[in-house]
file protein.pdb (PDB, C-alpha atoms)
ATOM      1  CA  MET A   1      -4.494  56.556  12.668
ATOM      2  CA  ASN A   2      -6.834  53.688  11.836
ATOM      3  CA  THR A   3      -4.833  50.650  10.620
ATOM      4  CA  SER A   4      -7.678  48.149  10.416
ATOM      5  CA  ASN A   5      -8.386  48.996   6.747
ATOM      6  CA  GLN A   6      -4.767  48.646   5.609
ATOM      7  CA  ASN A   7      -4.792  45.174   4.172
ATOM      8  CA  ALA A   8      -3.555  43.642   0.954
ATOM      9  CA  GLY A   9      -6.866  43.546  -0.829
ATOM     10  CA  GLY A  10     -10.518  44.215  -0.679
ATOM     11  CA  PRO A  11     -13.384  41.811  -0.211
ATOM     12  CA  MET A  12     -13.139  40.521  -3.779
ATOM     13  CA  ALA A  13      -9.479  39.575  -3.364
ATOM     14  CA  ARG A  14     -10.184  37.804  -0.079
ATOM     15  CA  LYS A  15     -13.087  35.903  -1.637
ATOM     16  CA  ALA A  16     -10.870  34.786  -4.541
ATOM     17  CA  MET A  17      -8.238  33.515  -2.091
ATOM     18  CA  GLN A  18     -10.875  31.562  -0.170
ATOM     19  CA  GLY A  19     -11.934  29.889  -3.417
ATOM     20  CA  LYS A  20      -8.349  28.957  -4.240
ATOM     21  CA  ASN A  21      -7.812  27.580  -0.734
ATOM     22  CA  ARG A  22     -10.951  25.453  -1.078
ATOM     23  CA  LEU A  23      -9.705  24.105  -4.408
ATOM     24  CA  VAL A  24      -6.339  23.185  -2.908
ATOM     25  CA  GLN A  25      -8.050  21.426  -0.018
ATOM     26  CA  MET A  26     -10.323  19.452  -2.336
ATOM     27  CA  MET A  27      -7.394  18.458  -4.550
ATOM     28  CA  ALA A  28      -5.398  17.309  -1.509
ATOM     29  CA  VAL A  29      -8.251  15.068  -0.364
ATOM     30  CA  PHE A  30      -8.772  13.730  -3.888
ATOM     31  CA  PHE A  31      -5.104  12.849  -4.399
ATOM     32  CA  MET A  32      -4.738  11.365  -0.925
ATOM     33  CA  LEU A  33      -7.766   9.126  -1.494
ATOM     34  CA  GLY A  34      -6.443   8.197  -4.937
ATOM     35  CA  GLY A  35      -3.056   7.277  -3.497
ATOM     36  CA  VAL A  36      -4.592   5.058  -0.835
ATOM     37  CA  GLN A  37      -6.789   3.410  -3.465
ATOM     38  CA  ALA A  38      -3.772   2.758  -5.700
ATOM     39  CA  ALA A  39      -1.878   1.206  -2.772
ATOM     40  CA  THR A  40      -4.864  -1.010  -1.965
ATOM     41  CA  GLN A  41      -5.229  -2.188  -5.542
ATOM     42  CA  PHE A  42      -1.502  -2.849  -5.916
ATOM     43  CA  PHE A  43      -1.449  -4.928  -2.735
ATOM     44  CA  ALA A  44      -4.494  -6.913  -3.888
ATOM     45  CA  TYR A  45      -2.864  -7.460  -7.277
ATOM     46  CA  ARG A  46       0.337  -8.728  -5.641
ATOM     47  CA  PHE A  47      -1.723 -11.233  -3.636
ATOM     48  CA  GLN A  48      -3.708 -12.205  -6.744
ATOM     49  CA  TYR A  49      -7.037 -11.056  -5.279
ATOM     50  CA  GLN A  50      -7.228 -13.950  -2.812
ATOM     51  CA  PRO A  51     -10.511 -14.484  -0.936
ATOM     52  CA  GLN A  52      -8.800 -13.714   2.392
ATOM     53  CA  LEU A  53      -8.643 -10.062   1.340
ATOM     54  CA  GLY A  54     -12.380  -9.747   1.858
ATOM     55  CA  ALA A  55     -15.266  -8.208  -0.009
ATOM     56  CA  HIS A  56     -14.695  -6.568  -3.377
ATOM     57  CA  PHE A  57     -16.567  -5.519  -6.482
ATOM     58  CA  ASN A  58     -14.897  -6.898  -9.612
ATOM     59  CA  HIS A  59     -11.539  -6.922  -7.807
ATOM     60  CA  ILE A  60     -11.929  -3.314  -6.655
ATOM     61  CA  TYR A  61     -11.534  -2.982  -2.912
ATOM     62  CA  ALA A  62     -12.449  -0.136  -0.585
ATOM     63  CA  PRO A  63      -9.603   2.411  -0.358
ATOM     64  CA  TRP A  64      -9.154   1.922   3.390
ATOM     65  CA  SER A  65      -8.693  -1.857   3.041
ATOM     66  CA  ILE A  66      -4.909  -1.440   2.891
ATOM     67  CA  ILE A  67      -5.011  -0.066   6.450
ATOM     68  CA  GLU A  68      -6.957  -3.089   7.695
ATOM     69  CA  TRP A  69      -4.643  -5.479   5.864
ATOM     70  CA  ALA A  70      -1.567  -3.751   7.255
ATOM     71  CA  ASP A  71      -2.935  -4.206  10.757
ATOM     72  CA  GLN A  72      -3.400  -7.931  10.117
ATOM     73  CA  TRP A  73      -0.436  -8.906   7.933
ATOM     74  CA  TYR A  74       2.298  -6.270   8.022
ATOM     75  CA  PHE A  75       4.511  -8.367  10.283
ATOM     76  CA  LYS A  76       4.458 -11.232   7.720
ATOM     77  CA  TYR A  77       4.776  -9.221   4.482
ATOM     78  CA  PRO A  78       6.491  -5.903   5.242
ATOM     79  CA  ASP A  79       8.197  -5.703   1.823
ATOM     80  CA  ILE A  80       4.947  -5.805  -0.121
ATOM     81  CA  PHE A  81       3.375  -3.185   2.127
ATOM     82  CA  ASP A  82       6.420  -0.970   1.702
ATOM     83  CA  GLN A  83       6.180  -1.312  -2.075
ATOM     84  CA  SER A  84       2.458  -0.537  -1.988
ATOM     85  CA  MET A  85       2.740   2.539   0.125
TER
END

call {"tool": "encode", "arguments": {"input": "protein.pdb", "output": "structure tokens"}}
result
Amino acid sequence: MNTSNQNAGGPMARKAMQGKNRLVQMMAVFFMLGGVQAATQFFAYRFQYQPQLGAHFNHIYAPWSIIEWADQWYFKYPDIFDQSM
């Protein structure tokens, strides 16, 4: 007996699942990037956008800036980082 064709759907069902998986992956990346950006902006707000935070565009910093700042200043301000993240 050939069992290779006994699956839970044909090619159309598999293609629909691939599309849904792609959507979930894109949403995960979008929300992760948005969360990091929100943490960065909150941290910058708490420090009143001081010049030591680096380059910005109208007080909007790069999303990954929070990671750089944590590397530099986490040992001094752990509470603010914990609130941000």

call {"tool": "closest_residue", "arguments": {"input": "protein.pdb", "among": "A:Val29, A:Ala55, A:Leu23, A:Ala70", "to": "Ser84 of chain A", "atoms": "only C-alpha atoms"}}
result
A:Ala70

call {"tool": "residues_around", "arguments": {"input": "protein.pdb", "residues": "segment 64-68 of chain A", "least_positions_apart": "2", "cutoff": "9 Å", "atoms": "only C-alpha atoms", "output": "VMD selection string"}}
result
chain A and resid 33 36 to 37 39 to 41 43 to 44 53 to 54 61 to 62 70 to 73 81 84

call {"tool": "atom_distance", "arguments": {"input": "protein.pdb", "atom1": "atom CA of Gln83 of chain A", "atom2": "atom CA of Gln52 of chain A"}}
result
20.0 Å

call {"tool": "axis_aligned_box", "arguments": {"input": "protein.pdb", "around": "segment 25-32 of chain A", "padding_each_side": "3 Å", "output": "AutoDock Vina command-line options"}}
result
--center_x -7.5 --center_y 16.4 --center_z -2.3 --size_x 11.6 --size_y 16.1 --size_z 10.5

call {"tool": "atom_distance", "arguments": {"input": "protein.pdb", "atom1": "atom CA of Ala28 of chain A", "atom2": "atom CA of Tyr74 of chain A"}}
result
26.6 Å

call {"tool": "atom_distance", "arguments": {"input": "protein.pdb", "atom1": "atom CA of Ile80 of chain A", "atom2": "atom CA of Tyr49 of chain A"}}
result
14.1 Å

call {"tool": "decode", "arguments": {"input": "protein.pdb", "residues": "segment 23-45 of chain A", "atoms": "N, CA and C atoms", "output": "short mmCIF file (atom, residue, chain, number, x, y, z; two decimals), in the first residue's frame"}}
result
data_model
loop_
_atom_site.label_atom_id
_atom_site.label_comp_id
_atom_site.auth_asym_id
_atom_site.auth_seq_id
_atom_site.Cartn_x
_atom_site.Cartn_y
_atom_site.Cartn_z
N LEU A 23 2.99 35.02 7.06
CA LEU A 23 2.35 36.15 7.72
C LEU A 23 2.70 36.18 9.21
N VAL A 24 2.68 35.05 9.86
CA VAL A 24 3.02 34.98 11.27
C VAL A 24 4.47 35.39 11.49
N GLN A 25 5.35 34.94 10.62
CA GLN A 25 6.76 35.31 10.73
C GLN A 25 6.96 36.81 10.55
N MET A 26 6.30 37.39 9.58
CA MET A 26 6.42 38.83 9.33
C MET A 26 5.85 39.63 10.50
N MET A 27 4.74 39.18 11.05
CA MET A 27 4.16 39.88 12.20
C MET A 27 5.07 39.78 13.41
N ALA A 28 5.71 38.64 13.62
CA ALA A 28 6.63 38.48 14.75
C ALA A 28 7.80 39.45 14.63
N VAL A 29 8.36 39.57 13.45
CA VAL A 29 9.48 40.50 13.24
C VAL A 29 9.01 41.93 13.45
N PHE A 30 7.85 42.26 12.91
CA PHE A 30 7.31 43.62 13.04
C PHE A 30 7.09 44.00 14.51
N PHE A 31 6.47 43.11 15.28
CA PHE A 31 6.20 43.42 16.68
C PHE A 31 7.46 43.41 17.53
N MET A 32 8.41 42.57 17.20
CA MET A 32 9.67 42.57 17.94
C MET A 32 10.42 43.87 17.69
N LEU A 33 10.49 44.31 16.45
CA LEU A 33 11.14 45.57 16.12
C LEU A 33 10.40 46.74 16.77
N GLY A 34 9.08 46.70 16.77
CA GLY A 34 8.30 47.75 17.41
C GLY A 34 8.53 47.80 18.91
N GLY A 35 8.65 46.65 19.55
CA GLY A 35 8.92 46.61 20.98
C GLY A 35 10.28 47.17 21.33
N VAL A 36 11.28 46.83 20.53
CA VAL A 36 12.63 47.36 20.77
C VAL A 36 12.63 48.87 20.55
N GLN A 37 11.92 49.33 19.53
CA GLN A 37 11.85 50.77 19.27
C GLN A 37 11.15 51.49 20.43
N ALA A 38 10.09 50.93 20.95
CA ALA A 38 9.39 51.54 22.08
C ALA A 38 10.29 51.60 23.31
N ALA A 39 11.06 50.55 23.56
CA ALA A 39 11.98 50.55 24.70
C ALA A 39 13.05 51.62 24.52
N THR A 40 13.56 51.76 23.31
CA THR A 40 14.57 52.78 23.03
C THR A 40 14.02 54.17 23.26
N GLN A 41 12.83 54.43 22.75
CA GLN A 41 12.25 55.76 22.89
C GLN A 41 11.91 56.06 24.36
N PHE A 42 11.44 55.07 25.09
CA PHE A 42 11.13 55.29 26.50
C PHE A 42 12.39 55.62 27.28
N PHE A 43 13.46 54.89 27.02
CA PHE A 43 14.73 55.16 27.71
C PHE A 43 15.22 56.56 27.38
N ALA A 44 15.16 56.94 26.12
CA ALA A 44 15.59 58.29 25.72
C ALA A 44 14.73 59.36 26.38
N TYR A 45 13.44 59.11 26.46
CA TYR A 45 12.53 60.04 27.13
C TYR A 45 12.90 60.20 28.61
#
